[in-house]
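Trainee: Sending over a structure as structure tokens; questions will come in a sec.
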Amino acid sequence: MPDLAVETHGIVRTFRDGSVRALDGVSIAIPRGRVFGLLGPNGSGKTTMVRILSTIIRPDEGSATVNGFDVVRQADAVRRSIGLAGQFATVDDNLTGLENLRMMGRLNHLDHATVRVRATQLLEQFGLAEAARRNVKTYSGGMRRRLDLAAALVASPPLLFLDEPTTGLDPQSRQDLWGFIEGLVESGTTVLLTTQYLEEADRLADELAVLDHGRIIAQGTSSELKARLGATVLSLTFSTTADAERGALLLADLTTKPAFVEGDVVDLTVTAGPAAAAEALRRLDAADLVVTGLALREPSLDDVFLTLTGHHAPDGAAEEPIAGSGRRRR
Amino acid sequence: MSVSGAPTTSAEWRWAVRDVWTMGRRNILALVRIPVSFVFALVQPVMFVLLFRYVFGGAIRVPNGQYVNFLIPGILVQTTIFGAIGTTIGLAEDLQRGLIERFRALPMARMAVLAGRTVSDLLRNVVVLLVITGMGFLVGFRPTGSLISYVGASVLMLFFAYALSWGFAYVGLAAPNSETAQAMTFPVIFPLTFASSIFVPVAFMPSWLQVFARNQPVSQVAEAVRGLMLGVPHGHATWIALAWAVGALVVLAPLATRRYRRVA
């Protein structure tokens, strides 16, 4: 086994006869046993990247090897060495959980005995043993995701692609799923994770790449990126836009990045949240500026984007074809 | 496996056959799981039998014998062709739900998704054919041909429908969603089944239509099936029908397979 589980050089992929560049020269390297997070908003190219690495589509330019196999020339060897869990929990509604896992086992060309053992084992592991013989149609969203993840693991692949594994899940189900993923990582599985949530990437990934319009705009460990971002955003709301602008000037030395003013709201990037908030209120009070709202929050993906690109994350500017519907938009 | 994805060694062929079986079994399980959809598959042909036997039938004259004996072989052909449309819907749904994406990332045989689908749809068609045959006997159908030709006629129409299901597979893969997929088959299927000798003798149609109705494949299959079931001479219709079925399979199967490789 090579040291790198995934290695890509200058991956380009266009859709709609070249008018949309979903990926525009992406190079990444994922060492074996690590968790790599691809962070980006809708339409940034995350799913396209996963589809190329899992051999569903081919790159237009560039090269990629997965577990040492070329994704185009040795696609079948790649398929034998990966697991894929997608954004939409693509399990068969008309079958039971057990039948779904057995089908995936057979299609992974495992022998009958292994299929049986693995299916039972995974249902147990993911807390689905009781629901094993129920139609997937009756499953909750969280159960479907767990089954989807289990289905990706039937053949015990050394490398797992997780495409937005928790998008649309309630907080509890998200926590559960994170726990399962951490368990896999502990047992040595390499993971490529795509996500829109900084919190998720922060918790799970050793290394992060931020994707915007098909290009990597920042890369590093989670703490490296956070250091670039400042730890916390202090958001102050004033009663008028003029007050907001005055306030921003007054507090300019508190923020590690230029203050971001939008209407009557000022966002400051600060290192010590509560202390900065207290200091800000003191100064504003002294200047007779009325603050109508105050919030401290951890940087969101949107803050990352704001910092890195100067613009907000494009909201649903999705040109990126997603599973099952992409071909129609091409 | 070769770059094109087609099995080359005998071990790969064994896996490919197993994959087809796995996929086919999955589709059949879904049919058994939701018997309602299966019942609905029977509603339409049953309605056609009743409609043409008792509503329109009295006004339709056929050259030899009773209309019911003319009608039932035709309805059976129509039923199997309509049954093959199921392939379109099934594939379009799998595509829509993202299952095909998932299958494409598995080391399974590339051909198994389509082959498994068409084979399970064929099996479903066999059951529907048996039910509608029983229905035919209930409403007075009395075939006068030999048992062997009767079975031969059934195999012929199932084979023809199977060949067409590859064309329907193509439509299912090309359609934007399963609802549209089904509607997309109608402009082809309606002229082929209704401007044919399935329900009425072609001789009663206007002469310009007769040219099409007499020579198109569905009429050839209907003529062959009717001739075999009733034990009456029907020229070369059986061979022509068989040739159409083989031709359709040879053209449509590669077309659908190519389309499958391109989707995603």
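Chain labels A, B, ... are given in the sequence in which chains occur in the structure tokens; within each chain residues are numbered consecutively from 1, and ligands are likewise numbered from 1 in the order shown.
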Skip Phe212 of chain B itself and residues of its chain fewer than 6 positions away, then list as a ChimeraX atom specification all residues within 10 Å of it, counting only C-alpha atoms.
Mentor: /B:191-192,195-196,202,219
Trainee: Please produce a file of those selected residues containing N, CA and C atoms, as a PDB file, in the first residue's frame.
Mentor:
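Output file again-v5.pdb is given in full below:
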```pdb
ATOM      1  N   PRO B 191     -49.039   4.416 -31.209  1.00  0.00           N
ATOM      2  CA  PRO B 191     -49.212   4.053 -32.622  1.00  0.00           C
ATOM      3  C   PRO B 191     -48.864   2.592 -32.890  1.00  0.00           C
ATOM      4  N   LEU B 192     -47.820   2.100 -32.222  1.00  0.00           N
ATOM      5  CA  LEU B 192     -47.396   0.714 -32.491  1.00  0.00           C
ATOM      6  C   LEU B 192     -48.455  -0.292 -32.043  1.00  0.00           C
ATOM      7  N   ALA B 195     -52.378   1.254 -33.912  1.00  0.00           N
ATOM      8  CA  ALA B 195     -52.403   1.148 -35.378  1.00  0.00           C
ATOM      9  C   ALA B 195     -51.757  -0.176 -35.769  1.00  0.00           C
ATOM     10  N   SER B 196     -52.386  -1.252 -35.290  1.00  0.00           N
ATOM     11  CA  SER B 196     -51.837  -2.589 -35.525  1.00  0.00           C
ATOM     12  C   SER B 196     -53.001  -3.557 -35.622  1.00  0.00           C
ATOM     13  N   VAL B 202     -56.621  -5.232 -39.819  1.00  0.00           N
ATOM     14  CA  VAL B 202     -56.032  -4.096 -40.523  1.00  0.00           C
ATOM     15  C   VAL B 202     -56.873  -3.701 -41.735  1.00  0.00           C
ATOM     16  N   SER B 219     -47.711  -5.635 -35.331  1.00  0.00           N
ATOM     17  CA  SER B 219     -48.707  -6.394 -36.098  1.00  0.00           C
ATOM     18  C   SER B 219     -48.168  -7.770 -36.486  1.00  0.00           C
TER      19      SER B 219
END
```
Trainee: Could you give me, as a tab-separated table, every chain B residue with an atom at most 10 Å from chain A, plus its closest atom pair and distance in Å to one decimal, counting only C-alpha atoms, rows ordered by chain then number?
Mentor:
```
residue	atom	partner	partner_atom	distance
B:Met1	CA	A:Asp76	CA	6.9
B:Ser2	CA	A:Asp76	CA	8.7
B:Val3	CA	A:Arg73	CA	6.5
B:Ser4	CA	A:Arg73	CA	9.8
B:Gly5	CA	A:Asp76	CA	8.2
B:Trp15	CA	A:His109	CA	7.4
B:Ala16	CA	A:Leu107	CA	9.7
B:Arg18	CA	A:Arg106	CA	8.3
B:Asp19	CA	A:Leu107	CA	6.2
B:Val20	CA	A:Leu107	CA	9.5
B:Thr22	CA	A:Met103	CA	6.8
B:Met23	CA	A:Met103	CA	8.1
B:Arg25	CA	A:Met103	CA	9.3
B:Arg26	CA	A:Met103	CA	7.6
B:Asn27	CA	A:Asn94	CA	8.9
B:Leu29	CA	A:Leu95	CA	7.3
B:Ala30	CA	A:Asn94	CA	5.2
B:Leu31	CA	A:Asn94	CA	8.6
B:Val32	CA	A:Asn94	CA	9.5
B:Arg33	CA	A:Asn94	CA	6.7
B:Ile34	CA	A:Asn94	CA	7.7
B:Ala92	CA	A:Gly324	CA	9.7
B:Glu93	CA	A:Gly324	CA	9.5
B:Asp94	CA	A:Gly324	CA	8.4
B:Leu95	CA	A:Gly324	CA	5.4
B:Gln96	CA	A:Gly324	CA	4.9
B:Arg97	CA	A:Gly324	CA	6.0
B:Gly98	CA	A:Gly324	CA	4.3
B:Leu99	CA	A:Thr90	CA	5.5
B:Ile100	CA	A:Gly324	CA	7.6
B:Glu101	CA	A:Ile56	CA	6.6
B:Arg102	CA	A:Thr90	CA	7.1
B:Phe103	CA	A:Leu107	CA	8.3
B:Arg104	CA	A:Ile56	CA	5.7
B:Ala105	CA	A:Ser54	CA	5.6
B:Leu106	CA	A:Arg79	CA	5.3
B:Pro107	CA	A:Arg79	CA	5.1
B:Met108	CA	A:Leu107	CA	5.3
B:Ala109	CA	A:Leu107	CA	8.5
B:Ala112	CA	A:Leu107	CA	9.6
B:Leu173	CA	A:Arg327	CA	9.9
B:Ala174	CA	A:Arg328	CA	8.6
B:Ala175	CA	A:Arg328	CA	8.3
B:Pro176	CA	A:Arg328	CA	6.0
B:Asn177	CA	A:Ser325	CA	8.8
B:Arg261	CA	A:Ile57	CA	9.6
B:Arg262	CA	A:Ile57	CA	8.9
B:Val263	CA	A:Arg327	CA	6.3
B:Ala264	CA	A:Arg327	CA	5.4
```
Trainee: Skip Leu289 of chain A itself and residues of its chain fewer than 5 positions away, then list as a count of residues only all residues within 10 Å of it, counting only C-alpha atoms.
Mentor: 10
Trainee: Would you mind telling me which residue in A:Leu159, A:Val12, A:Ala131, A:Leu101 lies nearest to Ile30 of chain A when using only C-alpha atoms?
Mentor: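 Counting only C-alpha atoms, the residue closest to Ile30 of chain A is A:Leu159.
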Trainee: From segment 24-251 of chain B, collect each residue whose DSSP state is helix (DSSP H, G or I) and return the set as a count of residues only.
Mentor: 183
Trainee: Give me the residues within 10 Å of Gln66 of chain B as a ChimeraX atom specification, counting only C-alpha atoms and dropping any in the same chain fewer than 4 places off.
Mentor: /B:57,60-62,70-71,140-142
Trainee: Quick one: pull the distance between atom CA of Val139 of chain B and atom CA of Val49 of chain B, Å, one decimal.
Mentor: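 One can read the atom CA of Val139 of chain B to atom CA of Val49 of chain B distance as 8.4 Å.
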Trainee: How many Å lie between atom CA of Ile72 of chain B and atom CA of Gly136 of chain B, rounded to one decimal?
Mentor: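 One can read the atom CA of Ile72 of chain B to atom CA of Gly136 of chain B distance as 6.0 Å.
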Trainee: By how many Å are atom CA of Ala248 of chain B and atom CA of Ala163 of chain B apart?
Mentor: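 That distance, rounded to one decimal, is 5.7 Å.
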Trainee: Which one of A:Ile28, A:Ala277, A:Val20, A:Ala218 sits closest to Leu4 of chain A if you count only C-alpha atoms?
Mentor: A:Ile28
Trainee: Given only C-alpha atoms as the basis, pick out the residue of B:Leu249, B:Gly74, B:Ala237, B:Val211 nearest to Phe194 of chain B.
Mentor: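 Selected residue with least distance to Phe194 of chain B: B:Gly74.
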Trainee: Give the strand (DSSP E or B) residues of segment 26-237 of chain A, as DSSP finds them on the backbone, and put them as JSON, numbers by chain.
Mentor: {"A": [26, 29, 30, 31, 35, 36, 37, 38, 39, 61, 62, 63, 64, 65, 66, 69, 70, 82, 83, 84, 85, 96, 135, 159, 160, 161, 162, 163, 190, 191, 192, 193, 194, 195, 207, 208, 209, 210, 211, 212, 215, 216, 217, 218, 219, 220, 221, 232, 233, 234, 235, 236, 237]}
Trainee: Please identify all polymer residues within 7 Å of segment 114-116 of chain B, counting only C-alpha atoms, omitting same-chain residues fewer than 3 positions from it, and present them as a list in words.
Mentor: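 Surrounding residues, per the criterion: Val20, Trp21, Met23, Gly24, Met111, Val119 and Ser120 of chain B.
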Trainee: Could the residues in this selection be written to a file with C-alpha atoms, as a PDB file, in the first residue's frame?
Mentor:
```
ATOM      1  CA  VAL B  20     -27.302  -9.779 -12.630  1.00  0.00           C
ATOM      2  CA  TRP B  21     -28.986 -12.224 -10.299  1.00  0.00           C
ATOM      3  CA  MET B  23     -29.889  -6.987  -9.085  1.00  0.00           C
ATOM      4  CA  GLY B  24     -32.771  -9.013 -10.493  1.00  0.00           C
ATOM      5  CA  MET B 111     -23.961  -4.627 -17.355  1.00  0.00           C
ATOM      6  CA  VAL B 119     -34.597  -9.857 -16.585  1.00  0.00           C
ATOM      7  CA  SER B 120     -36.726  -9.127 -13.504  1.00  0.00           C
TER       8      SER B 120
END
```
Trainee: Excluding Phe82 of chain B and its own-chain neighbours fewer than 4 positions away, which residues fall within 9 Å of it when counting only C-alpha atoms? Please give them as a list in words.
Mentor: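 The neighbour list is Pro45, Val77, Gln78, Gly86, Ala161 and Ile189 of chain B.
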